[in-house]
Amino acid sequence: MNIRHVENLVKVLSDLKNAGHEIILVSSGAIGMGVGKLGLKERPEDMPGKQAAAAVGQCELMYTYDRLFSEYNHTVAQILLTGDDLERLDRRQNFENTLFRLLDYGALPILNENDTMATAEISVGDNDTLGALVAVYAEADLLILLSDIDGLLTDDPHNNPDARIIPLVETIDDSIRSLAGESYGRQGTGGMITKINAAEIAVSHGIDMIISNGAKPELLYDIAEGKPVGTRFVGRNV
């Protein structure tokens with residue numbers, strides 16, 4: 001985790017919250033922070049090792065967010081989920097009730113997959129998908145995915161310097177899916193493919209989704225003002 005980027009992100013999100021926007025943050029990083037906290041030479045490959053690192057790292061992750069948001073007088077709340085929590089109606093209802101009550105209280109919910117408990121069978125798999133599912137269940141107006149590139153591009157920017165950003169996607173078809181190659185936009189666990197999948201979830205529920213550059217959190221001000229930023233996928237009601 002780049003702490004300077006996180007500090008800038010927290011400042012921007014705090015400003016937007018002060019302006020009256022309800023914000024839900026989906027954040028990864030628990031395993032990576034746990035690896036550093038434990039002084040491990042490399043990220044564990046086995047499931048118990050990953051879960052142990054997540055158990056340590058999640059504490060550090062939330063400590064960091066709590067400390068930074070507290071500087072702007074905002075209270076954060078932690079929610080850890082597995083795929084099972086979202087698929088089972090009773091658990092999902094409990095999650096939704098808690099989430100909406102936190103927003104009523106003025107808290108800023110911070111969600112992550114419960115890496116300490118999740119296994120392959122009950123894992124959501126990536127935070128792009130988790131973000132899309134949370135947006136749906138939270139009845140969000142907009143989903144923003146922060147990536148390591150500016151948006152969906154016409155080609156792999158590492159191989160083609162002339163690759164251009166696609167500012168607006170009104171229909172996700174095979175031509176759009178074909179642009180989601182494995183070789184670029186690999187921040188997180190899934191790269192661009194998981195972002196396209198997340199967009200399909202969001203837009204099918206009438207929610208717009210934007211891919212923006214996470215290294216430039218100030219772009220969130222422009223997004224809040226309705227200015228064109230990154231790539232916007234247009235939600236459709238079905």
# chains A, B, ... in the order shown; residues from 1 in each chain; ligands from 1
call {"tool": "select_by_dssp", "arguments": {"residues": "range 12-227 of chain A", "states": "alpha helix (DSSP H)", "output": "PyMOL selection string"}}
result
chain A and resi 12-18+30-38+47-70+83-87+89-104+127-137+174-177+191-203+219-224
call {"tool": "select_by_dssp", "arguments": {"residues": "range 111-228 of chain A", "states": "strand (DSSP E or B)", "output": "CSV table (one decimal) with N, CA and C atoms, in the first residue's frame"}}
result
chain,number,residue,atom,x,y,z
A,111,LEU,N,-15.3,-1.9,3.2
A,111,LEU,CA,-15.5,-3.3,3.0
A,111,LEU,C,-14.3,-4.0,2.3
A,112,ASN,N,-14.1,-5.2,2.7
A,112,ASN,CA,-13.1,-6.1,2.1
A,112,ASN,C,-13.6,-7.5,2.1
A,113,GLU,N,-13.1,-8.3,1.2
A,113,GLU,CA,-13.4,-9.7,1.3
A,113,GLU,C,-12.7,-10.3,2.6
A,142,LEU,N,-23.6,5.3,-8.3
A,142,LEU,CA,-22.4,5.2,-9.1
A,142,LEU,C,-21.4,4.3,-8.5
A,143,LEU,N,-20.7,3.5,-9.3
A,143,LEU,CA,-19.6,2.7,-8.9
A,143,LEU,C,-18.4,3.2,-9.6
A,144,ILE,N,-17.3,3.5,-8.8
A,144,ILE,CA,-16.1,3.9,-9.3
A,144,ILE,C,-15.0,2.9,-9.0
A,145,LEU,N,-14.3,2.4,-10.0
A,145,LEU,CA,-13.2,1.5,-9.8
A,145,LEU,C,-11.9,2.2,-10.1
A,146,LEU,N,-11.0,2.3,-9.1
A,146,LEU,CA,-9.8,2.9,-9.2
A,146,LEU,C,-8.7,1.9,-9.7
A,147,SER,N,-8.1,2.2,-10.8
A,147,SER,CA,-7.2,1.3,-11.5
A,147,SER,C,-5.8,1.9,-11.5
A,153,LEU,N,-8.9,1.1,-22.6
A,153,LEU,CA,-8.1,1.7,-23.8
A,153,LEU,C,-8.4,0.8,-25.0
A,165,ILE,N,-7.9,6.2,-24.9
A,165,ILE,CA,-9.0,5.9,-23.9
A,165,ILE,C,-10.3,5.9,-24.6
A,168,LEU,N,-16.6,6.5,-23.3
A,168,LEU,CA,-18.0,6.1,-23.0
A,168,LEU,C,-18.3,4.8,-23.6
A,169,VAL,N,-18.9,3.9,-22.8
A,169,VAL,CA,-19.3,2.6,-23.2
A,169,VAL,C,-20.8,2.5,-22.9
A,208,ASP,N,-24.4,3.3,-13.2
A,208,ASP,CA,-23.2,3.7,-14.0
A,208,ASP,C,-21.9,3.3,-13.3
A,209,MET,N,-20.9,2.9,-14.1
A,209,MET,CA,-19.6,2.6,-13.5
A,209,MET,C,-18.5,3.3,-14.2
A,210,ILE,N,-17.6,3.8,-13.5
A,210,ILE,CA,-16.4,4.6,-14.1
A,210,ILE,C,-15.1,3.9,-13.7
A,211,ILE,N,-14.2,3.7,-14.6
A,211,ILE,CA,-12.9,3.3,-14.3
A,211,ILE,C,-12.0,4.6,-14.4
A,212,SER,N,-11.3,4.8,-13.3
A,212,SER,CA,-10.5,6.0,-13.2
A,212,SER,C,-9.1,5.6,-12.6
A,213,ASN,N,-8.1,6.5,-12.8
A,213,ASN,CA,-6.8,6.3,-12.3
A,213,ASN,C,-6.7,6.5,-10.8
call {"tool": "residues_around", "arguments": {"residues": "Asp150 in chain A", "least_positions_apart": "5", "cutoff": "12 Å", "atoms": "only C-alpha atoms", "output": "list of chain:residue names"}}
result
A:Leu145, A:Pro157, A:Ala163, A:Arg164, A:Ile165, A:Ile166, A:Pro167, A:Tyr184, A:Gly185, A:Met192, A:Ile210, A:Ile211, A:Ser212, A:Asn213, A:Gly214, A:Ala215, A:Lys216, A:Pro217, A:Leu219, A:Pro228, A:Val229, A:Gly230, A:Thr231, A:Arg232
call {"tool": "write_last_selection", "arguments": {"atoms": "C-alpha atoms", "output": "PDB file, in the first residue's frame"}}
result
ATOM      1  CA  LEU A 145     -13.203   1.469  -9.811  1.00  0.00           C
ATOM      2  CA  PRO A 157      -0.667   0.798 -23.563  1.00  0.00           C
ATOM      3  CA  ALA A 163      -3.614   3.384 -27.425  1.00  0.00           C
ATOM      4  CA  ARG A 164      -6.526   5.742 -26.746  1.00  0.00           C
ATOM      5  CA  ILE A 165      -8.953   5.864 -23.887  1.00  0.00           C
ATOM      6  CA  ILE A 166     -12.571   4.994 -24.600  1.00  0.00           C
ATOM      7  CA  PRO A 167     -14.544   7.661 -22.725  1.00  0.00           C
ATOM      8  CA  TYR A 184      -2.763  -4.483 -18.766  1.00  0.00           C
ATOM      9  CA  GLY A 185      -4.585  -2.812 -15.902  1.00  0.00           C
ATOM     10  CA  MET A 192      -9.151  -5.297 -16.763  1.00  0.00           C
ATOM     11  CA  ILE A 210     -16.436   4.578 -14.061  1.00  0.00           C
ATOM     12  CA  ILE A 211     -12.874   3.309 -14.341  1.00  0.00           C
ATOM     13  CA  SER A 212     -10.469   6.022 -13.204  1.00  0.00           C
ATOM     14  CA  ASN A 213      -6.785   6.272 -12.338  1.00  0.00           C
ATOM     15  CA  GLY A 214      -6.280   5.547  -8.654  1.00  0.00           C
ATOM     16  CA  ALA A 215      -2.986   7.440  -8.637  1.00  0.00           C
ATOM     17  CA  LYS A 216      -4.997  10.626  -9.213  1.00  0.00           C
ATOM     18  CA  PRO A 217      -7.665  10.668  -6.486  1.00  0.00           C
ATOM     19  CA  LEU A 219     -10.199  13.142 -10.314  1.00  0.00           C
ATOM     20  CA  PRO A 228     -15.932  13.235 -18.085  1.00  0.00           C
ATOM     21  CA  VAL A 229     -13.214  11.169 -16.419  1.00  0.00           C
ATOM     22  CA  GLY A 230     -11.792   7.813 -17.416  1.00  0.00           C
ATOM     23  CA  THR A 231     -14.258   5.392 -18.953  1.00  0.00           C
ATOM     24  CA  ARG A 232     -17.937   5.526 -18.052  1.00  0.00           C
TER      25      ARG A 232
END
call {"tool": "closest_residue", "arguments": {"among": "A:Cys59, A:Ala140, A:Leu108, A:Ile149", "to": "Val10 in chain A", "atoms": "only C-alpha atoms"}}
result
A:Leu108
call {"tool": "closest_atom_pairs", "arguments": {"of": "range 97-205 of chain A", "to": "range 70-76 of chain A", "cutoff": "9 Å", "atoms": "only C-alpha atoms", "output": "JSON lines"}}
result
{"residue": "A:Gly106", "atom": "CA", "partner": "A:Thr75", "partner_atom": "CA", "distance": 7.7}
{"residue": "A:Ala107", "atom": "CA", "partner": "A:Thr75", "partner_atom": "CA", "distance": 5.1}
{"residue": "A:Leu108", "atom": "CA", "partner": "A:Val76", "partner_atom": "CA", "distance": 4.7}
{"residue": "A:Pro109", "atom": "CA", "partner": "A:Val76", "partner_atom": "CA", "distance": 5.7}
{"residue": "A:Ile110", "atom": "CA", "partner": "A:Val76", "partner_atom": "CA", "distance": 6.7}
call {"tool": "closest_atom_pairs", "arguments": {"of": "range 127-154 of chain A", "to": "range 16-32 of chain A", "cutoff": "8 Å", "atoms": "only C-alpha atoms", "output": "CSV"}}
result
residue,atom,partner,partner_atom,distance
A:Asn127,CA,A:Ser28,CA,6.8
A:Leu130,CA,A:Val26,CA,7.7
A:Gly131,CA,A:Val26,CA,6.0
call {"tool": "atom_distance", "arguments": {"atom1": "CA of Gly206 in chain A", "atom2": "CA of Asp84 in chain A"}}
result
24.1 Å
call {"tool": "closest_residue", "arguments": {"among": "A:Glu170, A:Glu60, A:Asp155, A:Asp66", "to": "Glu7 in chain A", "atoms": "only C-alpha atoms"}}
result
A:Asp66
call {"tool": "closest_residue", "arguments": {"among": "A:Ile172, A:Leu86, A:Ala52, A:Val234", "to": "Tyr137 in chain A", "atoms": "only C-alpha atoms"}}
result
A:Leu86
call {"tool": "atom_distance", "arguments": {"atom1": "CA of Gly235 in chain A", "atom2": "CA of Ile207 in chain A"}}
result
4.5 Å
call {"tool": "atom_distance", "arguments": {"atom1": "CA of His205 in chain A", "atom2": "CA of Val134 in chain A"}}
result
11.8 Å
